[in-house]
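Student: The structure file target.txt (compact mmCIF, C-alpha atoms) is provided below.
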```txt
# COMPACT_ATOMS: atom_id res chain seq x y z
CA MET A 20 0.00 0.00 0.00
CA PRO A 21 1.41 3.48 -0.86
CA ASP A 22 2.41 5.88 1.88
CA PRO A 23 -0.48 7.95 3.22
CA THR A 24 -1.00 11.54 2.15
CA VAL A 25 -0.47 13.63 5.28
CA ILE A 26 -2.30 16.96 5.59
CA SER A 27 -1.11 19.44 8.21
CA ILE A 28 -3.99 21.37 9.78
CA ASP A 29 -3.92 24.72 11.59
CA ALA A 30 -6.63 23.65 14.02
CA MET A 31 -6.77 27.04 15.77
CA GLY A 32 -7.26 29.15 12.62
CA GLY A 33 -10.44 30.86 11.49
CA ASP A 34 -13.40 32.19 13.42
CA PHE A 35 -14.27 28.95 15.21
CA GLY A 36 -11.20 26.72 15.61
CA PRO A 37 -11.53 23.09 16.81
CA PRO A 38 -15.35 23.09 17.37
CA VAL A 39 -15.83 23.47 13.59
CA ILE A 40 -12.57 22.15 12.14
CA VAL A 41 -12.54 18.76 13.88
CA PRO A 42 -16.23 17.89 13.21
CA GLY A 43 -15.79 19.05 9.61
CA LEU A 44 -12.89 16.66 9.10
CA ALA A 45 -14.60 13.87 11.04
CA GLY A 46 -17.65 14.08 8.80
CA GLU A 47 -15.49 13.03 5.84
CA THR A 48 -13.78 10.08 7.56
CA GLY A 49 -14.85 7.61 4.88
CA HIS A 50 -13.49 9.85 2.15
CA TRP A 51 -10.15 10.26 3.92
CA ARG A 52 -9.83 6.50 4.32
CA ALA A 53 -10.57 5.97 0.63
CA LYS A 54 -7.94 8.60 -0.24
CA ASN A 55 -5.43 7.14 2.25
CA ALA A 56 -5.17 10.55 3.97
CA ARG A 57 -3.90 11.22 7.50
CA PHE A 58 -3.76 14.43 9.54
CA LEU A 59 -1.48 16.40 11.81
CA LEU A 60 -3.65 18.70 13.96
CA HIS A 61 -1.69 21.67 15.31
CA GLY A 62 -3.14 23.55 18.26
CA ASP A 63 -4.36 23.32 21.82
CA GLU A 64 -4.35 19.60 22.67
CA ALA A 65 -7.14 19.84 25.26
CA ALA A 66 -9.49 21.66 22.88
CA ILE A 67 -8.75 19.30 19.98
CA SER A 68 -9.04 16.16 22.12
CA ALA A 69 -12.41 17.31 23.47
CA GLU A 70 -13.78 17.42 19.92
CA LEU A 71 -12.18 14.10 18.95
CA LYS A 72 -14.04 12.29 21.75
CA ALA A 73 -17.17 12.49 19.59
CA ALA A 74 -15.30 11.11 16.55
CA PRO A 75 -13.15 8.15 17.64
CA GLU A 76 -12.98 6.68 14.14
CA PHE A 77 -11.58 9.90 12.74
CA GLY A 78 -9.22 10.10 15.71
CA GLN A 79 -7.46 7.01 14.36
CA LEU A 80 -6.35 9.09 11.35
CA CYS A 81 -4.90 11.93 13.45
CA GLU A 82 -1.91 13.04 15.44
CA ILE A 83 -2.15 16.10 17.67
CA ARG A 84 0.84 18.45 17.80
CA HIS A 85 0.28 20.68 20.81
CA THR A 86 0.86 24.42 20.90
CA ASP A 87 -0.92 27.01 22.96
CA ARG A 88 0.05 29.81 20.59
CA ALA A 89 -2.01 31.08 17.66
CA ILE A 90 -1.90 34.04 15.27
CA ALA A 91 -4.69 36.59 15.68
CA GLY A 92 -7.00 37.25 12.77
CA ASP A 93 -6.09 40.95 12.68
CA GLU A 94 -2.34 40.52 13.06
CA LYS A 95 -0.28 42.20 10.34
CA PRO A 96 1.85 39.86 8.16
CA ALA A 97 5.15 41.43 9.32
CA GLN A 98 4.17 40.95 12.96
CA ALA A 99 3.05 37.39 12.26
CA VAL A 100 6.42 36.55 10.72
CA ARG A 101 8.31 38.06 13.67
CA ARG A 102 6.31 36.33 16.39
CA GLY A 103 4.82 33.42 14.47
CA LYS A 104 7.32 30.68 15.24
CA GLY A 105 5.66 28.01 17.35
CA THR A 106 2.09 29.05 16.53
CA SER A 107 -0.40 26.57 15.09
CA LEU A 108 -0.23 28.23 11.65
CA TRP A 109 3.58 28.30 11.57
CA ASN A 110 3.84 24.68 12.72
CA ALA A 111 1.31 23.52 10.16
CA VAL A 112 3.34 25.01 7.28
CA GLU A 113 6.68 23.96 8.76
CA ALA A 114 5.56 20.32 8.70
CA ILE A 115 5.67 20.46 4.87
CA ARG A 116 9.22 21.79 4.82
CA ASP A 117 10.35 19.13 7.30
CA GLY A 118 8.88 16.33 5.19
CA ARG A 119 6.21 15.38 7.75
CA ALA A 120 3.26 16.51 5.61
CA ASN A 121 2.33 16.77 1.94
CA ALA A 122 0.12 19.87 2.27
CA ALA A 123 -1.21 22.35 4.83
CA VAL A 124 -4.63 23.93 5.36
CA SER A 125 -5.52 26.98 7.46
CA ALA A 126 -8.59 29.16 7.87
CA GLY A 127 -6.48 31.76 9.65
CA ASN A 128 -5.18 35.21 8.78
CA SER A 129 -4.66 35.35 4.98
CA GLY A 130 -1.77 37.81 5.01
CA ALA A 131 0.01 35.91 7.78
CA LEU A 132 -0.49 32.60 5.98
CA MET A 133 1.00 33.97 2.78
CA ALA A 134 3.98 35.62 4.50
CA ILE A 135 4.81 32.63 6.69
CA SER A 136 4.35 30.14 3.85
CA LYS A 137 6.69 32.12 1.60
CA LEU A 138 9.29 32.43 4.38
CA ILE A 139 9.25 28.74 5.31
CA LEU A 140 8.65 27.05 1.95
CA ARG A 141 10.13 29.58 -0.49
CA MET A 142 8.85 29.92 -4.04
CA ALA A 143 8.81 27.11 -6.61
CA VAL A 144 11.45 28.89 -8.70
CA ALA A 145 13.77 31.69 -7.63
CA ASP A 146 12.30 34.28 -10.02
CA LEU A 147 8.82 34.11 -8.49
CA GLU A 148 8.09 36.93 -6.05
CA ARG A 149 4.83 36.04 -4.31
CA PRO A 150 2.19 33.29 -4.36
CA ALA A 151 -1.09 33.86 -6.19
CA PHE A 152 -4.56 33.26 -4.80
CA VAL A 153 -6.75 31.20 -7.11
CA ALA A 154 -10.56 31.08 -6.91
CA PRO A 155 -13.05 28.58 -8.38
CA TRP A 156 -15.76 30.50 -10.23
CA PRO A 157 -19.17 29.05 -11.12
CA SER A 158 -19.85 29.05 -14.85
CA SER A 159 -22.39 27.67 -17.27
CA PHE A 160 -20.29 24.52 -17.72
CA GLY A 161 -18.92 23.86 -14.24
CA LEU A 162 -16.14 25.88 -12.61
CA THR A 163 -13.69 28.39 -14.05
CA THR A 164 -10.29 28.96 -12.42
CA VAL A 165 -9.56 32.67 -11.85
CA LEU A 166 -6.26 34.09 -10.60
CA ASP A 167 -4.88 36.22 -9.05
CA VAL A 168 -7.72 37.32 -6.75
CA GLY A 169 -5.81 39.50 -4.33
CA ALA A 170 -2.24 38.49 -3.57
CA ASN A 171 -0.45 40.60 -6.22
CA ILE A 172 -1.95 44.02 -6.93
CA ASP A 173 0.54 45.19 -9.58
CA CYS A 174 1.59 42.62 -12.19
CA ASP A 175 3.87 42.90 -15.18
CA ALA A 176 3.63 40.65 -18.26
CA HIS A 177 6.04 38.11 -16.79
CA ARG A 178 3.88 37.74 -13.66
CA LEU A 179 0.72 37.26 -15.72
CA ILE A 180 2.39 34.47 -17.70
CA GLU A 181 3.35 32.81 -14.41
CA PHE A 182 -0.30 32.95 -13.38
CA ALA A 183 -1.31 31.35 -16.69
CA ILE A 184 1.13 28.47 -16.14
CA MET A 185 0.05 27.93 -12.54
CA GLY A 186 -3.65 28.26 -13.32
CA ALA A 187 -3.49 25.70 -16.14
CA ALA A 188 -1.66 23.18 -13.93
CA PHE A 189 -4.12 23.74 -11.08
CA HIS A 190 -7.19 23.33 -13.31
CA ARG A 191 -5.80 20.15 -14.84
CA ALA A 192 -5.08 18.67 -11.40
CA MET A 193 -8.44 19.62 -9.88
CA HIS A 194 -10.81 19.07 -12.80
CA GLY A 195 -9.08 16.52 -15.02
CA VAL A 196 -9.05 18.78 -18.10
CA GLU A 197 -6.05 17.70 -20.17
CA ARG A 198 -5.72 20.97 -22.13
CA PRO A 199 -7.27 23.81 -20.12
CA ARG A 200 -8.29 26.79 -22.24
CA VAL A 201 -6.47 29.85 -20.87
CA ALA A 202 -7.33 33.52 -21.43
CA LEU A 203 -6.35 36.97 -20.15
CA LEU A 204 -9.01 39.23 -18.63
CA ASN A 205 -9.18 42.52 -20.50
CA VAL A 206 -11.52 45.41 -21.36
CA GLY A 207 -12.00 44.06 -24.89
CA GLU A 208 -11.05 41.17 -27.14
CA GLU A 209 -9.05 43.19 -29.69
CA ASP A 210 -5.24 42.98 -29.60
CA GLN A 211 -4.82 46.73 -29.10
CA LYS A 212 -7.11 46.90 -26.04
CA GLY A 213 -5.84 47.05 -22.45
CA HIS A 214 -2.74 48.37 -20.72
CA GLU A 215 0.79 47.62 -21.86
CA GLU A 216 1.42 44.76 -19.43
CA VAL A 217 -1.62 42.75 -20.47
CA ARG A 218 -0.90 43.33 -24.18
CA GLU A 219 2.68 42.14 -23.74
CA ALA A 220 1.55 39.05 -21.81
CA HIS A 221 -0.90 38.35 -24.64
CA ARG A 222 1.89 38.53 -27.22
CA LEU A 223 4.21 36.24 -25.27
CA LEU A 224 1.50 33.69 -24.51
CA ARG A 225 0.48 33.63 -28.17
CA GLU A 226 4.06 33.18 -29.40
CA GLY A 227 5.43 30.95 -26.64
CA ALA A 228 4.63 27.42 -25.50
CA PHE A 229 3.91 28.22 -21.88
CA VAL A 230 0.35 26.87 -21.95
CA ALA A 231 -1.06 24.32 -24.37
CA ASP A 232 -4.27 26.16 -25.33
CA TYR A 233 -4.17 29.96 -25.12
CA ARG A 234 -7.38 31.65 -26.30
CA GLY A 235 -6.49 35.35 -26.09
CA PHE A 236 -8.55 38.03 -24.30
CA VAL A 237 -11.91 37.66 -22.57
CA GLU A 238 -14.06 40.31 -20.90
CA GLY A 239 -15.66 40.41 -17.47
CA ASP A 240 -18.96 38.94 -18.62
CA ASP A 241 -17.10 35.85 -19.88
CA ILE A 242 -16.10 34.79 -16.35
CA TYR A 243 -19.48 33.08 -15.91
CA SER A 244 -19.89 31.90 -19.51
CA GLY A 245 -17.51 28.95 -19.42
CA VAL A 246 -15.90 29.86 -22.75
CA VAL A 247 -12.48 29.20 -21.18
CA ASP A 248 -11.25 27.18 -18.21
CA VAL A 249 -8.65 29.57 -16.74
CA ILE A 250 -8.85 33.37 -16.60
CA VAL A 251 -5.74 35.34 -15.69
CA THR A 252 -5.65 38.86 -14.26
CA ASP A 253 -3.79 40.96 -11.72
CA GLY A 254 -4.73 40.83 -8.05
CA PHE A 255 -6.44 44.24 -8.09
CA ALA A 256 -8.93 43.42 -10.85
CA GLY A 257 -9.32 39.85 -9.61
CA ASN A 258 -10.12 40.87 -6.06
CA VAL A 259 -12.59 43.53 -7.17
CA ALA A 260 -14.30 40.97 -9.40
CA LEU A 261 -14.39 38.40 -6.60
CA LYS A 262 -15.82 40.80 -4.00
CA THR A 263 -18.34 42.11 -6.53
CA ALA A 264 -19.46 38.57 -7.35
CA GLU A 265 -19.78 37.68 -3.65
CA GLY A 266 -21.79 40.84 -2.97
CA THR A 267 -24.02 40.27 -5.98
CA SER A 268 -24.78 36.67 -5.00
CA GLN A 269 -25.65 37.76 -1.44
CA PHE A 270 -27.86 40.55 -2.79
CA ILE A 271 -29.72 38.20 -5.16
CA LEU A 272 -30.27 35.58 -2.47
CA GLY A 273 -31.45 38.23 -0.01
CA GLU A 274 -33.85 39.76 -2.48
CA LEU A 275 -35.17 36.31 -3.40
CA ARG A 276 -35.80 35.47 0.26
CA ALA A 277 -37.53 38.80 0.80
CA ALA A 278 -39.72 38.44 -2.29
CA LEU A 279 -40.78 34.88 -1.46
CA GLY A 280 -41.40 35.73 2.18
CA ALA A 281 -43.66 38.68 1.40
CA THR A 282 -46.80 36.59 0.70
CA LEU A 283 -48.27 33.29 1.85
CA ARG A 284 -48.13 31.96 -1.70
CA GLY A 285 -44.45 32.91 -1.90
CA ARG A 286 -43.67 31.19 1.40
CA ILE A 287 -45.37 28.01 0.21
CA ALA A 288 -43.41 28.17 -3.06
CA ALA A 289 -40.17 28.62 -1.08
CA VAL A 290 -40.85 25.50 0.96
CA LEU A 291 -41.64 23.47 -2.17
CA ALA A 292 -38.51 24.73 -3.94
CA ARG A 293 -36.14 24.49 -0.96
CA SER A 294 -33.91 21.83 -2.50
CA ALA A 295 -33.62 23.84 -5.73
CA PHE A 296 -32.63 26.96 -3.77
CA THR A 297 -30.03 24.96 -1.85
CA ARG A 298 -28.50 23.79 -5.12
CA LEU A 299 -28.58 27.36 -6.47
CA ARG A 300 -26.79 28.70 -3.42
CA ALA A 301 -24.12 26.00 -3.66
CA ARG A 302 -23.54 26.94 -7.31
CA ILE A 303 -23.24 30.71 -6.88
CA GLU A 304 -21.39 30.53 -3.55
CA PRO A 305 -18.90 27.67 -4.05
CA ASP A 306 -17.41 26.84 -0.65
CA ARG A 307 -13.95 25.63 -1.57
CA GLY A 308 -10.40 26.22 -0.46
CA VAL A 309 -8.20 28.83 -2.11
CA PRO A 310 -4.68 27.47 -2.80
CA LEU A 311 -1.59 29.66 -2.73
CA LEU A 312 -0.05 28.88 -6.10
CA GLY A 313 3.68 29.20 -6.75
CA LEU A 314 5.08 27.96 -3.44
CA SER A 315 7.42 24.98 -3.27
CA GLY A 316 4.74 23.20 -1.27
CA ILE A 317 0.94 22.96 -1.21
CA VAL A 318 -0.86 25.42 1.08
CA VAL A 319 -4.64 25.93 0.97
CA LYS A 320 -6.54 28.81 2.58
CA ALA A 321 -10.00 27.98 3.91
CA HIS A 322 -12.47 30.81 4.44
CA GLY A 323 -12.12 32.32 7.91
CA GLY A 324 -15.84 31.92 8.55
CA ALA A 325 -16.10 28.46 6.97
CA ASP A 326 -18.50 26.03 8.56
CA ALA A 327 -17.65 22.35 9.04
CA ARG A 328 -18.58 21.44 5.47
CA GLY A 329 -16.64 24.38 4.05
CA PHE A 330 -13.45 23.54 5.93
CA ALA A 331 -13.65 19.90 4.86
CA SER A 332 -14.07 21.09 1.27
CA ALA A 333 -10.82 23.05 1.52
CA VAL A 334 -9.05 19.96 2.84
CA ARG A 335 -10.38 17.94 -0.10
CA VAL A 336 -8.63 20.45 -2.40
CA ALA A 337 -5.36 19.96 -0.50
CA VAL A 338 -5.60 16.17 -0.71
CA ASP A 339 -6.36 16.22 -4.44
CA LEU A 340 -3.47 18.57 -5.17
CA ALA A 341 -1.06 16.55 -3.03
CA GLN A 342 -1.98 13.39 -4.92
CA SER A 343 -1.56 14.98 -8.37
CA ASP A 344 1.38 16.03 -10.54
CA TYR A 345 0.44 19.66 -9.99
CA ALA A 346 3.55 20.84 -8.07
CA ALA A 347 6.04 19.15 -10.41
CA GLU A 348 4.23 20.44 -13.52
CA ILE A 349 4.25 24.04 -12.28
CA LYS A 350 7.97 23.83 -11.52
CA ARG A 351 8.75 22.39 -14.97
CA ASN A 352 6.77 25.04 -16.84
CA LEU A 353 7.99 27.96 -14.74
CA GLU A 354 11.57 26.90 -15.39
CA LYS A 355 10.80 27.04 -19.13
CA LEU A 356 9.69 30.63 -18.60
CA THR A 357 12.87 31.69 -16.77
CA VAL A 358 15.29 30.27 -19.37
CA PRO A 359 14.41 32.82 -22.12
CA GLN A 360 14.64 35.66 -19.57
CA GLN A 361 18.08 34.55 -18.43
CA SER A 362 19.19 34.34 -22.08
CA GLN A 363 17.94 37.88 -22.72
CA SER A 364 19.86 39.16 -19.68
CA VAL A 365 23.08 37.55 -20.93
CA GLU A 366 22.59 39.11 -24.38
CA LYS A 367 22.13 42.57 -22.84
CA LEU A 368 25.31 42.19 -20.78
CA GLY A 369 27.20 41.14 -23.92
```
Here is a file; write its structure as structure tokens.
Tutor:
Amino acid sequence: MPDPTVISIDAMGGDFGPPVIVPGLAGETGHWRAKNARFLLHGDEAAISAELKAAPEFGQLCEIRHTDRAIAGDEKPAQAVRRGKGTSLWNAVEAIRDGRANAAVSAGNSGALMAISKLILRMAVADLERPAFVAPWPSSFGLTTVLDVGANIDCDAHRLIEFAIMGAAFHRAMHGVERPRVALLNVGEEDQKGHEEVREAHRLLREGAFVADYRGFVEGDDIYSGVVDVIVTDGFAGNVALKTAEGTSQFILGELRAALGATLRGRIAAVLARSAFTRLRARIEPDRGVPLLGLSGIVVKAHGGADARGFASAVRVAVDLAQSDYAAEIKRNLEKLTVPQQSQSVEKLG
């Protein structure tokens, strides 16, 4: 039997900690067994053990690594790096570097997670500056991969190409699409549209072999259409789009509840259509983990307010990535990107 896939968990991260994280994991015990997954739970041993008493079968898949230190949700990344050693988040990421885990998951402070992960694990190739946040986006044909959604506000053409490489590898690993269709987000589909960085990235992606199936530019209304599998943008536009989508979905659901609750007939219709509304909410508010792409290890960010099901969903992402060729593929393709740049630098020096 192959070695188990070990996932390192920051059990103290997020809004709820062990009372949500442990039951969420325990509810997927059968899935973890089928996937041959095991867990290192980092955090307060008494609090974690209290939750495991109700899930003895899941407890057989776990080891607790005690620490009474945790990073606050409002702690600045620089402060987290300075005082983070020995916290549950730090220890969870460090387990990857030390070869004790294949991936880490935290619902804790996003900035702290990124800074600590970069410090401990380093980037997949030396030229990379920062990880990228990737988000699954509901579309007419399933899910679209969108990145970056907030980690890198200003991006040059080189950075956008890196995102394209990482996004294609991620989509292939998570969704089994052999040749993901990749596009750049822009204000129009014509070659002359957009700022200089996005036009240059378009030219290089069209001429190079960095992704197998590059489709050019798409606009904002294409994010939901499913015309491509991976959409690449800078962290500013990506984060604005993500927050706008989240706000819009909450507005629509709120208005729908209000409209149906206004009359007796509406309330009866809501009861009859409850299962359909549940499916609709799951589609427009996908509760999945957000990986930090570009690190030399697999780190997944769960939503800080995730419930038990949401946290388990983030861990599923970590397990699937750890059991795929995702990390090796990203490294191979990013190294292809750095070779031409190094050659250009040598030519300039000559």
Student: Taking into account all atoms listed in the file, which residue in the set A:Ala99, A:Ile83, A:Val124, A:Val334 is nearest to Lys54 of chain A?
Tutor: A:Val334
Student: Residues within 7 Å of segment 106-108 of chain A, please, as a PyMOL selection string. Count only C-alpha atoms; anything in the same chain fewer than 5 positions from it doesn't count.
Tutor: chain A and resi 29-31+61-62+86+88-90+125
Student: How would the residues just chosen look if you wrote them out with C-alpha atoms as a PDB file, in the frame of the given file?
Tutor:
```pdb
ATOM      1  CA  ASP A  29      -3.920  24.720  11.590  1.00  0.00           C
ATOM      2  CA  ALA A  30      -6.630  23.650  14.020  1.00  0.00           C
ATOM      3  CA  MET A  31      -6.770  27.040  15.770  1.00  0.00           C
ATOM      4  CA  HIS A  61      -1.690  21.670  15.310  1.00  0.00           C
ATOM      5  CA  GLY A  62      -3.140  23.550  18.260  1.00  0.00           C
ATOM      6  CA  THR A  86       0.860  24.420  20.900  1.00  0.00           C
ATOM      7  CA  ARG A  88       0.050  29.810  20.590  1.00  0.00           C
ATOM      8  CA  ALA A  89      -2.010  31.080  17.660  1.00  0.00           C
ATOM      9  CA  ILE A  90      -1.900  34.040  15.270  1.00  0.00           C
ATOM     10  CA  SER A 125      -5.520  26.980   7.460  1.00  0.00           C
TER      11      SER A 125
END
```
Student: With the cut-off set at 9 Å and counting all atoms listed in the file, tabulate each residue of segment 96-143 of chain A with an atom at most that distance from an atom of segment 340-349 of chain A, showing the nearest atom pair and its distance in Å to one decimal, ordered by chain and increasing number, as a Markdown table.
Tutor:
```
| residue | atom | partner | partner_atom | distance |
| --- | --- | --- | --- | --- |
| A:Asn121 | CA | A:Ala341 | CA | 6.0 |
| A:Ala122 | CA | A:Ala341 | CA | 6.4 |
| A:Ala143 | CA | A:Ile349 | CA | 7.9 |
```
Student: Pick out the residues sitting within 12 Å of Ala331 of chain A, and hand them over as a PyMOL selection string; count all atoms listed in the file, and ignore anything fewer than 6 positions along from it in its own chain.
Tutor: chain A and resi 26+28+39-48+50-51+124-126+306-308+319-322+325+337-338
Student: In Å, with one decimal, what is the gap from atom CA of Asp34 of chain A to atom CA of Gly329 of chain A?
Tutor: 12.6 Å
Student: Can you work out which one of A:Val217, A:Ala120, A:Ala187, A:Ile115 has the shortest atom-to-atom distance to Leu314 of chain A, counting only C-alpha atoms?
Tutor: A:Ile115
Student: Do you have the atom CA of Arg57 of chain A-atom CA of Asp326 of chain A distance handy?
Tutor: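 Computing it gives 20.8 Å between the two atoms.
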Student: Find the spatial neighbours of segment 173-184 of chain A, counting all atoms listed in the file, within a cut-off of 6 Å - ignore same-chain residues fewer than 5 positions away - and output them as JSON, numbers by chain.
Tutor: {"A": [216, 219, 220, 253]}
Student: Could the residues in this selection be written to a file with C-alpha atoms, as a PDB file, in the frame of the given file?
Tutor:
```
ATOM      1  CA  GLU A 216       1.420  44.760 -19.430  1.00  0.00           C
ATOM      2  CA  GLU A 219       2.680  42.140 -23.740  1.00  0.00           C
ATOM      3  CA  ALA A 220       1.550  39.050 -21.810  1.00  0.00           C
ATOM      4  CA  ASP A 253      -3.790  40.960 -11.720  1.00  0.00           C
TER       5      ASP A 253
END
```
Student: Could you pull the residues within 10 Å of Phe160 of chain A, counting all atoms listed in the file, minus those fewer than 5 positions along the same chain, as a count of residues only?
Tutor: 6
Student: Would you kindly return, as a ChimeraX atom specification, each protein, DNA or RNA residue with an atom no farther than 12 Å from any atom of Met185 of chain A, considering only C-alpha atoms and excluding same-chain residues fewer than 3 positions away?
Tutor: /A:143,147,150-153,164-167,178-182,188-192,199,201,229-230,249-251,310-314,345-354,356
Student: Between atom CA of His85 of chain A and atom CA of Ala131 of chain A, what is the distance in Å, rounded to a tenth?
Tutor: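 Spanning atom CA of His85 of chain A to atom CA of Ala131 of chain A is a straight-line distance of 20.0 Å.
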Student: Taking all atoms listed in the file into account, which of A:Ala154, A:Leu223, A:Ala170, A:Ala231 comes nearest Glu197 of chain A?
Tutor: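 Going through A:Ala154, A:Leu223, A:Ala170, A:Ala231 one by one, the smallest distance to Glu197 of chain A is for A:Ala231.
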Student: With distances taken over all atoms listed in the file, which of A:Gly235, A:Gly323, A:Pro37, A:Gly105 is nearest to Ile67 of chain A?
Tutor: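 With all atoms listed in the file as the atom set, the closest residue is A:Pro37.
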Student: Taking into account only C-alpha atoms, which residue in the set A:Arg84, A:Asp339, A:Ala123, A:Gly33 is nearest to His194 of chain A?
Tutor: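 Of all the options, A:Asp339 lies closest to His194 of chain A.
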